[in-house]
>>> print(open('my_file-v9.cif').read())   # mmCIF, C-alpha atoms
data_input
#
loop_
_atom_site.label_atom_id
_atom_site.label_comp_id
_atom_site.auth_asym_id
_atom_site.auth_seq_id
_atom_site.Cartn_x
_atom_site.Cartn_y
_atom_site.Cartn_z
CA MET L 1335 0.72 5.51 -83.40
CA ARG L 1336 3.43 4.66 -80.84
CA ARG L 1337 5.67 3.41 -83.64
CA LYS L 1338 5.25 6.62 -85.67
CA ARG L 1339 6.08 8.83 -82.71
CA LYS L 1340 9.15 6.72 -82.00
CA GLU L 1341 10.51 7.16 -85.50
CA PHE L 1342 10.73 10.93 -85.05
CA ILE L 1343 12.74 10.91 -81.80
CA LEU L 1344 16.00 11.76 -83.57
CA LEU L 1345 14.40 14.57 -85.58
CA GLN L 1346 12.79 16.02 -82.45
CA LYS L 1347 16.10 15.96 -80.59
CA LEU L 1348 17.93 17.60 -83.48
CA LEU L 1349 15.34 20.38 -83.74
CA TYR L 1350 15.47 20.98 -79.99
CA THR L 1351 19.27 21.20 -80.08
CA ALA L 1352 19.06 23.65 -83.01
CA PHE L 1353 16.69 25.78 -80.91
CA ILE L 1354 19.13 25.77 -77.96
CA PHE L 1355 21.96 26.60 -80.37
CA ALA L 1356 20.04 29.61 -81.72
CA ILE L 1357 19.25 30.96 -78.23
CA TYR L 1358 22.90 30.73 -77.26
CA ILE L 1359 24.11 32.53 -80.40
CA LEU L 1360 21.50 35.26 -79.79
CA GLY L 1361 22.70 35.73 -76.20
CA THR L 1362 26.33 36.16 -77.27
CA ASN L 1363 25.23 39.15 -79.36
CA ILE L 1364 23.36 40.98 -76.57
CA PRO L 1365 25.79 43.44 -74.90
CA LEU L 1366 25.97 44.09 -71.17
CA PHE L 1367 24.20 47.15 -69.83
CA GLY L 1368 26.29 50.30 -70.28
CA VAL L 1369 29.31 48.67 -71.93
CA ASN L 1370 31.06 50.54 -74.74
CA VAL L 1371 30.65 47.89 -77.44
CA SER L 1372 32.53 49.94 -80.06
CA GLU L 1373 35.74 49.57 -78.06
CA TYR L 1374 35.57 45.79 -78.15
CA VAL L 1375 34.44 45.16 -81.71
CA SER L 1376 37.75 45.21 -83.55
CA ASN L 1377 40.04 43.10 -85.67
CA ASN L 1378 42.65 42.86 -82.91
CA VAL L 1379 42.01 39.24 -82.02
CA ASP L 1380 44.83 37.46 -80.23
CA MET L 1381 45.45 33.85 -79.30
CA ASP L 1382 44.34 34.21 -75.68
CA LYS L 1383 40.98 35.67 -76.74
CA LEU L 1384 40.38 32.72 -79.06
CA LEU L 1385 41.38 30.29 -76.30
CA ILE L 1386 38.84 31.89 -73.97
CA GLN L 1387 36.21 31.74 -76.73
CA THR L 1388 36.27 27.94 -76.53
CA ILE L 1389 34.43 28.19 -73.21
CA SER L 1390 32.96 31.67 -73.76
CA GLY L 1391 31.22 32.23 -77.07
CA ASP L 1392 31.54 36.01 -76.90
CA LEU L 1393 34.82 36.81 -78.65
CA ASN L 1394 34.71 40.45 -77.50
CA GLN L 1395 33.78 39.38 -73.93
CA CYS L 1396 31.15 42.06 -73.42
CA SER L 1397 27.83 40.20 -73.81
CA ILE L 1398 25.41 38.84 -71.21
CA PHE L 1399 26.96 35.40 -71.90
CA ASN L 1400 30.40 36.78 -71.08
CA LEU L 1401 31.20 34.02 -68.55
CA GLY L 1402 30.27 31.29 -71.00
CA ILE L 1403 30.23 27.69 -69.85
CA PHE L 1404 33.25 28.09 -67.56
CA PRO L 1405 31.39 28.10 -64.18
CA TYR L 1406 29.33 25.04 -65.13
CA MET L 1407 32.37 23.11 -66.42
CA ILE L 1408 34.44 23.76 -63.32
CA SER L 1409 31.60 23.09 -60.86
CA SER L 1410 30.69 19.81 -62.58
CA LEU L 1411 34.30 18.69 -62.45
CA LEU L 1412 34.75 19.63 -58.79
CA ILE L 1413 31.63 17.72 -57.76
CA GLN L 1414 32.73 14.67 -59.77
CA ILE L 1415 36.16 14.74 -58.11
CA ILE L 1416 34.59 14.96 -54.65
CA TYR L 1417 32.27 12.02 -55.31
CA ALA L 1418 35.08 9.98 -56.88
CA PHE L 1419 36.67 9.63 -53.43
CA LYS L 1420 33.45 8.39 -51.83
CA SER L 1421 32.60 4.72 -51.42
CA GLU L 1422 29.93 3.02 -53.50
CA GLU L 1423 27.51 3.04 -50.56
CA SER L 1424 28.03 6.77 -50.00
CA LYS L 1425 27.42 7.49 -53.67
CA LYS L 1426 24.15 5.56 -53.60
CA ARG L 1427 22.87 7.60 -50.65
CA VAL L 1428 23.18 10.85 -52.64
CA SER L 1429 20.43 11.35 -55.20
CA ALA L 1430 21.02 12.84 -58.65
CA LYS L 1431 18.82 15.80 -57.66
CA ARG L 1432 20.98 16.57 -54.63
CA ARG L 1433 24.16 16.23 -56.69
CA ASN L 1434 22.79 18.64 -59.31
CA PHE L 1435 21.92 21.07 -56.51
CA PHE L 1436 25.53 21.06 -55.24
CA THR L 1437 26.76 21.57 -58.81
CA LEU L 1438 24.45 24.56 -59.26
CA VAL L 1439 25.48 26.17 -55.96
CA THR L 1440 29.17 25.75 -56.83
CA ALA L 1441 28.55 27.24 -60.30
CA ILE L 1442 26.83 30.27 -58.75
CA ILE L 1443 29.78 30.87 -56.41
CA ILE L 1444 32.23 30.63 -59.33
CA SER L 1445 30.02 32.98 -61.38
CA LEU L 1446 30.00 35.58 -58.60
CA ILE L 1447 33.81 35.50 -58.33
CA GLN L 1448 34.42 35.47 -62.09
CA SER L 1449 31.99 38.34 -62.68
CA PHE L 1450 33.82 40.42 -60.08
CA THR L 1451 37.18 39.87 -61.82
CA TYR L 1452 35.71 40.63 -65.27
CA MET L 1453 34.12 43.92 -64.15
CA GLY L 1454 37.56 45.47 -63.71
CA ARG L 1455 38.58 44.98 -67.35
CA LEU L 1456 35.35 46.15 -69.01
CA ASN L 1457 34.81 49.77 -70.07
CA PHE L 1458 31.38 51.15 -69.17
CA SER L 1459 29.62 54.42 -69.82
CA PHE L 1460 26.86 55.36 -67.35
CA PRO L 1461 24.99 58.62 -66.72
CA LYS L 1462 26.50 60.69 -63.96
CA GLY L 1463 25.20 59.68 -60.57
CA PHE L 1464 24.09 56.22 -61.72
CA GLU L 1465 27.52 54.56 -61.91
CA TYR L 1466 27.09 52.18 -58.98
CA LEU L 1467 23.62 51.15 -60.14
CA GLY L 1468 24.94 50.55 -63.65
CA TYR L 1469 27.84 48.42 -62.38
CA ALA L 1470 25.42 46.38 -60.27
CA VAL L 1471 23.10 45.76 -63.23
CA ALA L 1472 25.98 44.67 -65.49
CA TYR L 1473 27.41 42.44 -62.73
CA TRP L 1474 24.17 40.58 -62.16
CA GLU L 1475 23.58 40.34 -65.91
CA MET L 1476 26.76 38.29 -66.19
CA VAL L 1477 25.74 36.05 -63.30
CA ALA L 1478 22.23 35.59 -64.73
CA GLY L 1479 23.67 34.88 -68.18
CA SER L 1480 25.78 32.10 -66.69
CA MET L 1481 22.67 30.59 -65.09
CA VAL L 1482 20.81 30.75 -68.42
CA ILE L 1483 23.66 28.81 -70.06
CA ILE L 1484 23.42 26.16 -67.34
CA LEU L 1485 19.67 25.92 -68.02
CA LEU L 1486 20.31 25.55 -71.76
CA CYS L 1487 22.85 22.78 -71.12
CA SER L 1488 20.53 20.84 -68.80
CA ARG L 1489 17.54 21.12 -71.15
CA ASN L 1490 19.61 20.08 -74.14
CA LYS L 1491 20.96 17.11 -72.17
CA LYS L 1492 17.40 16.00 -71.42
CA TYR L 1493 15.64 16.75 -74.71
CA GLY L 1494 18.39 17.29 -77.29
CA ILE L 1495 21.70 15.82 -78.43
CA GLY L 1496 25.16 16.54 -77.11
CA GLY L 1497 24.37 18.05 -73.72
CA GLN L 1498 26.76 20.87 -72.82
CA THR L 1499 29.06 20.07 -75.75
CA ILE L 1500 26.63 21.83 -78.10
CA ILE L 1501 27.61 25.12 -76.42
CA ILE L 1502 31.29 24.32 -76.86
CA LEU L 1503 30.57 23.32 -80.47
CA ALA L 1504 29.07 26.76 -81.14
CA ASN L 1505 32.15 28.41 -79.63
CA ILE L 1506 34.56 26.27 -81.67
CA LEU L 1507 32.74 26.94 -84.94
CA SER L 1508 32.89 30.67 -84.21
CA THR L 1509 36.62 30.37 -83.45
CA ILE L 1510 37.28 28.54 -86.72
CA MET L 1511 35.41 31.22 -88.67
CA VAL L 1512 37.67 33.87 -87.10
CA ASN L 1513 40.73 31.72 -87.88
CA LEU L 1514 39.91 31.43 -91.56
CA SER L 1515 38.76 35.00 -92.22
CA GLY L 1516 41.13 37.65 -93.55
CA TYR L 1517 44.01 35.35 -94.53
CA SER L 1518 45.37 34.34 -97.91
CA VAL L 1519 45.59 30.75 -99.11
CA LYS L 1520 49.37 30.85 -98.63
CA ASP L 1521 48.97 31.77 -94.94
CA LEU L 1522 46.47 28.95 -94.39
CA ILE L 1523 48.43 26.09 -96.01
CA LEU L 1524 50.56 25.20 -92.96
CA PRO L 1525 47.88 25.55 -90.23
CA ILE L 1526 45.29 23.67 -92.31
CA GLY L 1527 47.85 20.94 -93.07
CA VAL L 1528 48.67 20.56 -89.37
CA SER L 1529 44.94 20.58 -88.55
CA LEU L 1530 44.23 17.74 -91.02
CA VAL L 1531 47.01 15.61 -89.53
CA ILE L 1532 45.67 16.24 -86.02
CA MET L 1533 42.12 15.43 -87.17
CA PHE L 1534 43.33 12.09 -88.60
CA ILE L 1535 45.14 11.25 -85.35
CA ILE L 1536 42.11 12.09 -83.19
CA ILE L 1537 39.79 9.99 -85.38
CA ILE L 1538 42.11 7.01 -84.87
CA MET L 1539 42.34 7.68 -81.12
CA GLU L 1540 38.56 8.00 -80.80
CA ASN L 1541 37.87 4.70 -82.56
CA ALA L 1542 40.82 2.51 -81.52
CA GLU L 1543 40.53 0.56 -78.29
CA ILE L 1544 42.22 -2.02 -76.10
CA ARG L 1545 40.13 -5.15 -75.58
CA ILE L 1546 40.78 -7.07 -72.37
CA PRO L 1547 39.23 -10.59 -72.47
CA LEU L 1548 36.44 -11.15 -69.91
CA GLN L 1549 35.07 -14.27 -68.33
CA ARG L 1550 31.34 -13.91 -67.66
CA ILE L 1551 29.68 -16.52 -65.49
CA SER L 1552 26.27 -15.96 -67.15
CA ILE L 1553 27.41 -16.78 -70.70
CA HIS L 1554 28.07 -20.43 -71.62
CA ASN L 1555 27.67 -20.46 -75.39
CA ILE L 1556 29.71 -19.66 -78.51
CA TYR L 1557 29.73 -15.95 -77.56
CA ALA L 1558 31.64 -16.57 -74.33
CA ASP L 1559 34.99 -16.05 -76.10
CA LYS L 1560 33.84 -12.69 -77.54
CA ASN L 1561 33.40 -10.87 -74.24
CA TYR L 1562 35.88 -8.16 -73.41
CA LEU L 1563 36.41 -4.94 -71.47
CA ALA L 1564 36.99 -2.16 -74.01
CA ILE L 1565 39.16 0.85 -73.16
CA LYS L 1566 39.67 3.54 -75.81
CA PHE L 1567 43.16 4.75 -76.64
CA ASN L 1568 41.72 8.17 -75.84
CA PRO L 1569 39.72 7.21 -72.71
CA VAL L 1570 37.96 10.56 -72.15
CA GLY L 1571 38.10 11.96 -75.68
CA VAL L 1572 39.07 15.60 -76.14
CA MET L 1573 37.51 16.63 -72.81
CA PRO L 1574 40.94 17.46 -71.29
CA ALA L 1575 41.65 19.84 -74.19
CA MET L 1576 38.35 21.64 -73.46
CA PHE L 1577 38.93 21.79 -69.71
CA SER L 1578 42.57 22.84 -70.10
CA SER L 1579 41.26 26.08 -71.61
CA ALA L 1580 39.08 26.57 -68.53
CA PHE L 1581 41.83 25.63 -66.09
CA PHE L 1582 44.33 27.87 -67.88
CA LEU L 1583 42.02 30.75 -66.95
CA LEU L 1584 42.33 29.95 -63.23
CA PRO L 1585 45.92 31.21 -62.75
CA GLN L 1586 45.09 34.20 -64.95
CA LEU L 1587 42.03 35.02 -62.84
CA ALA L 1588 44.05 34.52 -59.64
CA VAL L 1589 46.73 36.97 -60.84
CA MET L 1590 44.08 39.49 -61.94
CA LEU L 1591 42.36 39.26 -58.55
CA ALA L 1592 45.68 39.67 -56.71
CA LEU L 1593 46.59 42.69 -58.86
CA TYR L 1594 43.30 44.30 -57.84
CA PHE L 1595 44.69 44.53 -54.30
CA LEU L 1596 48.43 44.79 -55.19
CA PRO L 1597 48.50 46.73 -58.49
CA LYS L 1598 52.25 47.53 -58.34
CA ASN L 1599 53.59 44.11 -57.36
CA THR L 1600 56.36 43.30 -59.88
CA VAL L 1601 56.04 39.52 -59.52
CA LEU L 1602 52.31 39.61 -60.24
CA LEU L 1603 52.85 41.97 -63.18
CA TRP L 1604 55.47 39.58 -64.61
CA TRP L 1605 53.11 36.60 -64.31
CA GLN L 1606 50.27 38.59 -65.87
CA GLN L 1607 52.47 39.15 -68.91
CA GLU L 1608 53.89 35.60 -69.08
CA LEU L 1609 50.60 33.71 -68.61
CA SER L 1610 49.95 33.73 -72.34
CA LEU L 1611 50.21 31.10 -75.04
CA ALA L 1612 52.60 33.41 -76.86
CA ARG L 1613 55.12 33.05 -73.99
CA ILE L 1614 57.16 30.01 -72.94
CA PRO L 1615 55.93 29.94 -69.27
CA GLY L 1616 52.32 30.10 -70.45
CA ILE L 1617 52.85 27.30 -73.00
CA ILE L 1618 54.53 25.07 -70.41
CA ILE L 1619 51.78 25.63 -67.84
CA TYR L 1620 49.09 24.99 -70.46
CA LEU L 1621 50.64 21.66 -71.53
CA ILE L 1622 51.20 20.59 -67.91
CA ILE L 1623 47.52 21.28 -67.21
CA LEU L 1624 46.57 19.22 -70.27
CA TYR L 1625 48.77 16.32 -69.11
CA ILE L 1626 47.40 16.33 -65.57
CA LEU L 1627 43.77 16.60 -66.69
CA THR L 1628 44.12 13.75 -69.20
CA VAL L 1629 45.51 11.35 -66.58
CA CYS L 1630 43.10 12.47 -63.83
CA PHE L 1631 40.02 12.34 -66.08
CA SER L 1632 40.96 8.86 -67.28
CA PHE L 1633 41.04 7.52 -63.72
CA LEU L 1634 37.98 9.57 -62.76
CA PHE L 1635 35.71 8.16 -65.49
CA ILE L 1636 37.31 4.71 -65.78
CA ASN L 1637 38.07 3.86 -62.17
CA PRO L 1638 39.88 0.50 -61.67
CA LYS L 1639 38.53 0.34 -58.11
CA ASP L 1640 34.89 0.62 -59.24
CA ILE L 1641 35.37 -1.89 -62.06
CA THR L 1642 36.98 -4.37 -59.64
CA GLU L 1643 34.11 -4.00 -57.16
CA GLN L 1644 31.58 -4.57 -59.96
CA PHE L 1645 33.39 -7.76 -60.94
CA LEU L 1646 33.34 -8.98 -57.33
CA LYS L 1647 29.59 -8.38 -57.11
CA SER L 1648 28.74 -9.97 -60.47
CA GLY L 1649 31.23 -12.84 -60.32
CA ASP L 1650 32.81 -11.87 -63.65
CA SER L 1651 36.57 -11.60 -64.00
CA LEU L 1652 39.40 -10.81 -66.37
CA LEU L 1653 40.78 -13.85 -68.16
CA ASP L 1654 43.75 -15.41 -66.30
CA ILE L 1655 43.73 -12.61 -63.71
CA HIS L 1656 42.74 -13.26 -60.10
CA MET L 1657 39.81 -11.26 -58.79
CA GLY L 1658 40.30 -8.50 -56.23
CA LYS L 1659 43.63 -6.74 -55.72
CA GLU L 1660 45.38 -8.40 -58.66
CA THR L 1661 42.62 -7.27 -61.04
CA ARG L 1662 42.74 -3.77 -59.61
CA ARG L 1663 46.53 -3.54 -59.98
CA TYR L 1664 46.35 -4.87 -63.55
CA LEU L 1665 43.66 -2.36 -64.56
CA ARG L 1666 45.59 0.45 -62.88
CA ARG L 1667 48.70 -0.40 -64.94
CA ILE L 1668 46.61 -0.45 -68.13
CA MET L 1669 44.99 2.91 -67.31
CA ILE L 1670 48.34 4.54 -66.48
CA SER L 1671 49.79 3.39 -69.81
CA VAL L 1672 46.74 4.38 -71.85
CA SER L 1673 46.24 7.76 -70.16
CA LEU L 1674 49.93 8.69 -70.49
CA LEU L 1675 49.85 7.70 -74.16
CA SER L 1676 46.71 9.78 -74.71
CA ALA L 1677 48.17 12.75 -72.80
CA THR L 1678 51.42 12.60 -74.77
CA ILE L 1679 49.67 12.49 -78.15
CA MET L 1680 47.31 15.36 -77.27
CA ALA L 1681 50.19 17.41 -75.84
CA LEU L 1682 52.10 16.91 -79.11
CA CYS L 1683 49.02 17.82 -81.16
CA LEU L 1684 48.54 21.06 -79.22
CA GLY L 1685 52.19 21.77 -78.44
CA PHE L 1686 53.50 21.51 -82.00
CA PRO L 1687 51.35 24.41 -83.32
CA LEU L 1688 52.36 26.46 -80.26
CA TYR L 1689 56.01 25.77 -81.09
CA LEU L 1690 55.48 26.80 -84.72
CA GLN L 1691 53.82 30.01 -83.54
CA TYR L 1692 56.67 30.73 -81.12
CA MET L 1693 59.19 30.21 -83.94
CA GLY L 1694 57.23 32.58 -86.17
CA GLN L 1695 56.04 29.93 -88.64
CA ILE L 1696 52.34 30.45 -87.82
CA GLU L 1697 50.62 33.66 -86.74
CA GLY L 1698 49.17 33.75 -83.25
CA VAL L 1699 45.53 33.70 -84.34
CA LEU L 1700 46.00 30.87 -86.86
CA ASN L 1701 47.80 28.90 -84.17
CA THR L 1702 44.47 28.08 -82.49
CA LEU L 1703 43.07 26.47 -85.66
CA PRO L 1704 44.65 23.00 -85.03
CA SER L 1705 43.37 22.90 -81.43
CA SER L 1706 39.90 23.98 -82.59
CA VAL L 1707 39.85 21.27 -85.26
CA MET L 1708 41.02 18.75 -82.68
CA MET L 1709 38.15 19.54 -80.30
CA LEU L 1710 35.66 19.76 -83.17
CA THR L 1711 36.66 16.29 -84.38
CA GLY L 1712 36.24 14.79 -80.92
CA ILE L 1713 32.82 16.42 -80.42
CA ILE L 1714 31.58 15.28 -83.85
CA CYS L 1715 32.70 11.69 -83.12
CA SER L 1716 30.80 11.81 -79.83
CA LEU L 1717 27.67 13.25 -81.48
CA LEU L 1718 27.77 10.59 -84.20
CA ARG L 1719 27.92 7.83 -81.58
CA GLU L 1720 24.95 9.35 -79.74
CA THR L 1721 23.03 9.69 -83.01
CA ASP L 1722 23.72 6.05 -83.89
CA ALA L 1723 22.46 4.97 -80.47
CA ILE L 1724 19.17 6.84 -81.03
CA LYS L 1725 18.83 5.34 -84.53
CA ASN L 1726 19.37 1.85 -83.12
CA MET L 1727 16.73 2.51 -80.49
CA GLU L 1728 14.28 3.59 -83.19
CA SER L 1729 14.98 0.41 -85.18
CA TYR L 1730 13.64 -1.83 -82.41
CA LYS L 1731 10.20 -3.18 -83.17
CA PRO L 1732 7.64 -3.36 -80.35
CA PHE L 1733 6.38 -6.80 -79.33
CA ILE L 1734 2.80 -5.55 -79.29
#
>>> encode(input="my_file-v9.cif", output="structure tokens")
Amino acid sequence: MRRKRKEFILLQKLLYTAFIFAIYILGTNIPLFGVNVSEYVSNNVDMDKLLIQTISGDLNQCSIFNLGIFPYMISSLLIQIIYAFKSEESKKRVSAKRRNFFTLVTAIIISLIQSFTYMGRLNFSFPKGFEYLGYAVAYWEMVAGSMVIILLCSRNKKYGIGGQTIIILANILSTIMVNLSGYSVKDLILPIGVSLVIMFIIIIMENAEIRIPLQRISIHNIYADKNYLAIKFNPVGVMPAMFSSAFFLLPQLAVMLALYFLPKNTVLLWWQQELSLARIPGIIIYLIILYILTVCFSFLFINPKDITEQFLKSGDSLLDIHMGKETRRYLRRIMISVSLLSATIMALCLGFPLYLQYMGQIEGVLNTLPSSVMMLTGIICSLLRETDAIKNMESYKPFI
């Protein structure tokens, strides 16, 4: 009986993820209280809207899931950065439950601020005398919707496959559908061609790795020469491309919030216009964010200091490299080279379509197709690896 139940783990996880996926799609189609939906449902879709849709599944930005996964992504990252600077002993003293609590509190604060900035650009229609009540209901609907998304992500991480990436996957698929609709085959040839090249590059980056020979004190057989420390050419996958969309919203939100108090400031009005992927300043800022995130994430998730400390505790070491500071310096050099290579390749993959769009070779909406395909490829590679791990677990035979 135990064996039969074990064989259906993958199926159960897939069904649970499909259920989470369906709830999320349903939520993106439930409008906020009092919003004039007819004013947002249109064919005027620009590049910035599609960029936002990567982290917010509501293309028209008027549903209860308006905030999308943005608050959860940013809060998770902030907490990880804070704990990255703590010592190993300090990290051990903080439980996973307490860490999740801090992440949730940070996400709520971000949701409250983001909802406030979004209220100013939505068009509502309330009965006379009930305006303030209507605004309050719509405001807290956005905050509650963000909390529901966090719940969906956490439940999918525990019982499904893909964790929070399943929400991003839904957004990307919706973006690709918008990209491909309403265009002739002639219009799609160049963006699809660029997308296929980018997909091929990302597949190589996701599966290629640097193997640094290891010397393990516990292995003294023929397998001793086959031990190595593996570092992918793309150490953190396409995560920086996903987060760059979220971080690109931060200066936009900051300008919008400042304009709320200084509506006639010429500098702020100029930045509001230029912070777009159709403008050179916006493109440069977006690629700089991508570069910084790629390097920072690489060192955050593959920390030479932590690896060196683990080697010192276990007694293992890199082949022909002294333990301690020399190992740490060597790993730091490797990570700098790999992360810069990864950042450069991803910046080229995302920057080239932006350049084509700026030169008028690709329309603004189609310009997001290569970046969507890039993120989709990375997510699918990650889901396939997780699926293989579950299949391997199911293949183990019990001793009893």
>>> closest_residue(input="my_file-v9.cif", among="L:Gln1644, L:Gln1606, L:Thr1721, L:Gln1414", to="Ala1430 of chain L", atoms="only C-alpha atoms")
L:Gln1414
>>> resolve_selection(input="my_file-v9.cif", expression="the PyMOL selection byres ((chain L and resi 1654) around 12)", output="VMD selection string")
chain L and resid 1546 to 1549 1650 to 1653 1655 to 1657 1660 to 1661 1664
>>> resolve_selection(input="my_file-v9.cif", expression="the PyMOL selection byres ((chain L and resi 1618) around 12)", output="JSON, numbers by chain")
{"L": [1582, 1608, 1609, 1610, 1611, 1612, 1613, 1614, 1615, 1616, 1617, 1619, 1620, 1621, 1622, 1623, 1624, 1625, 1681, 1684, 1685, 1688, 1689]}
>>> atom_distance(input="my_file-v9.cif", atom1="atom CA of Tyr1466 of chain L", atom2="atom CA of Phe1450 of chain L")
13.6 Å
>>> resolve_selection(input="my_file-v9.cif", expression="the PyMOL selection byres ((chain L and resi 1583) around 10)", output="NGL selection string")
:L and (1382 or 1385-1386 or 1404 or 1577-1582 or 1584-1589 or 1609 or 1620)
>>> write_last_selection(input="my_file-v9.cif", atoms="C-alpha atoms", output="PDB file, keeping the file's coordinate frame")
ATOM      1  CA  ASP L1382      44.340  34.210 -75.680  1.00  0.00           C
ATOM      2  CA  LEU L1385      41.380  30.290 -76.300  1.00  0.00           C
ATOM      3  CA  ILE L1386      38.840  31.890 -73.970  1.00  0.00           C
ATOM      4  CA  PHE L1404      33.250  28.090 -67.560  1.00  0.00           C
ATOM      5  CA  PHE L1577      38.930  21.790 -69.710  1.00  0.00           C
ATOM      6  CA  SER L1578      42.570  22.840 -70.100  1.00  0.00           C
ATOM      7  CA  SER L1579      41.260  26.080 -71.610  1.00  0.00           C
ATOM      8  CA  ALA L1580      39.080  26.570 -68.530  1.00  0.00           C
ATOM      9  CA  PHE L1581      41.830  25.630 -66.090  1.00  0.00           C
ATOM     10  CA  PHE L1582      44.330  27.870 -67.880  1.00  0.00           C
ATOM     11  CA  LEU L1584      42.330  29.950 -63.230  1.00  0.00           C
ATOM     12  CA  PRO L1585      45.920  31.210 -62.750  1.00  0.00           C
ATOM     13  CA  GLN L1586      45.090  34.200 -64.950  1.00  0.00           C
ATOM     14  CA  LEU L1587      42.030  35.020 -62.840  1.00  0.00           C
ATOM     15  CA  ALA L1588      44.050  34.520 -59.640  1.00  0.00           C
ATOM     16  CA  VAL L1589      46.730  36.970 -60.840  1.00  0.00           C
ATOM     17  CA  LEU L1609      50.600  33.710 -68.610  1.00  0.00           C
ATOM     18  CA  TYR L1620      49.090  24.990 -70.460  1.00  0.00           C
TER      19      TYR L1620
END
>>> closest_residue(input="my_file-v9.cif", among="L:Met1693, L:Ala1352, L:Met1539, L:Leu1360", to="Gly1496 of chain L", atoms="all atoms listed in the file")
L:Ala1352
>>> closest_residue(input="my_file-v9.cif", among="L:Pro1461, L:Gly1712, L:Pro1365, L:Gly1497", to="Thr1351 of chain L", atoms="all atoms listed in the file")
L:Gly1497
>>> closest_residue(input="my_file-v9.cif", among="L:Leu1503, L:Met1453, L:Ile1408, L:Val1601", to="Val1439 of chain L", atoms="all atoms listed in the file")
L:Ile1408
>>> build_atoms(input="my_file-v9.cif", residues="segment 1501-1512 of chain L", atoms="N, CA and C atoms", output="PDB file, in the frame of the given file")
ATOM      1  N   ILE L1501      27.169  23.760 -76.672  1.00  0.00           N
ATOM      2  CA  ILE L1501      27.610  25.120 -76.420  1.00  0.00           C
ATOM      3  C   ILE L1501      29.069  25.275 -76.835  1.00  0.00           C
ATOM      4  N   ILE L1502      29.880  24.291 -76.477  1.00  0.00           N
ATOM      5  CA  ILE L1502      31.290  24.320 -76.860  1.00  0.00           C
ATOM      6  C   ILE L1502      31.426  24.228 -78.375  1.00  0.00           C
ATOM      7  N   LEU L1503      30.556  23.444 -79.006  1.00  0.00           N
ATOM      8  CA  LEU L1503      30.570  23.320 -80.470  1.00  0.00           C
ATOM      9  C   LEU L1503      30.317  24.678 -81.125  1.00  0.00           C
ATOM     10  N   ALA L1504      29.355  25.425 -80.600  1.00  0.00           N
ATOM     11  CA  ALA L1504      29.070  26.760 -81.140  1.00  0.00           C
ATOM     12  C   ALA L1504      30.285  27.674 -80.999  1.00  0.00           C
ATOM     13  N   ASN L1505      30.957  27.585 -79.848  1.00  0.00           N
ATOM     14  CA  ASN L1505      32.150  28.410 -79.630  1.00  0.00           C
ATOM     15  C   ASN L1505      33.273  28.037 -80.596  1.00  0.00           C
ATOM     16  N   ILE L1506      33.469  26.733 -80.800  1.00  0.00           N
ATOM     17  CA  ILE L1506      34.560  26.270 -81.670  1.00  0.00           C
ATOM     18  C   ILE L1506      34.300  26.681 -83.113  1.00  0.00           C
ATOM     19  N   LEU L1507      33.064  26.544 -83.568  1.00  0.00           N
ATOM     20  CA  LEU L1507      32.740  26.940 -84.940  1.00  0.00           C
ATOM     21  C   LEU L1507      32.984  28.438 -85.140  1.00  0.00           C
ATOM     22  N   SER L1508      32.637  29.236 -84.131  1.00  0.00           N
ATOM     23  CA  SER L1508      32.890  30.670 -84.210  1.00  0.00           C
ATOM     24  C   SER L1508      34.385  30.961 -84.250  1.00  0.00           C
ATOM     25  N   THR L1509      35.164  30.201 -83.460  1.00  0.00           N
ATOM     26  CA  THR L1509      36.620  30.370 -83.450  1.00  0.00           C
ATOM     27  C   THR L1509      37.220  30.034 -84.800  1.00  0.00           C
ATOM     28  N   ILE L1510      36.760  28.942 -85.420  1.00  0.00           N
ATOM     29  CA  ILE L1510      37.280  28.540 -86.720  1.00  0.00           C
ATOM     30  C   ILE L1510      36.962  29.578 -87.779  1.00  0.00           C
ATOM     31  N   MET L1511      35.774  30.170 -87.711  1.00  0.00           N
ATOM     32  CA  MET L1511      35.410  31.220 -88.670  1.00  0.00           C
ATOM     33  C   MET L1511      36.358  32.413 -88.554  1.00  0.00           C
ATOM     34  N   VAL L1512      36.715  32.773 -87.305  1.00  0.00           N
ATOM     35  CA  VAL L1512      37.670  33.870 -87.100  1.00  0.00           C
ATOM     36  C   VAL L1512      39.042  33.476 -87.629  1.00  0.00           C
TER      37      VAL L1512
END
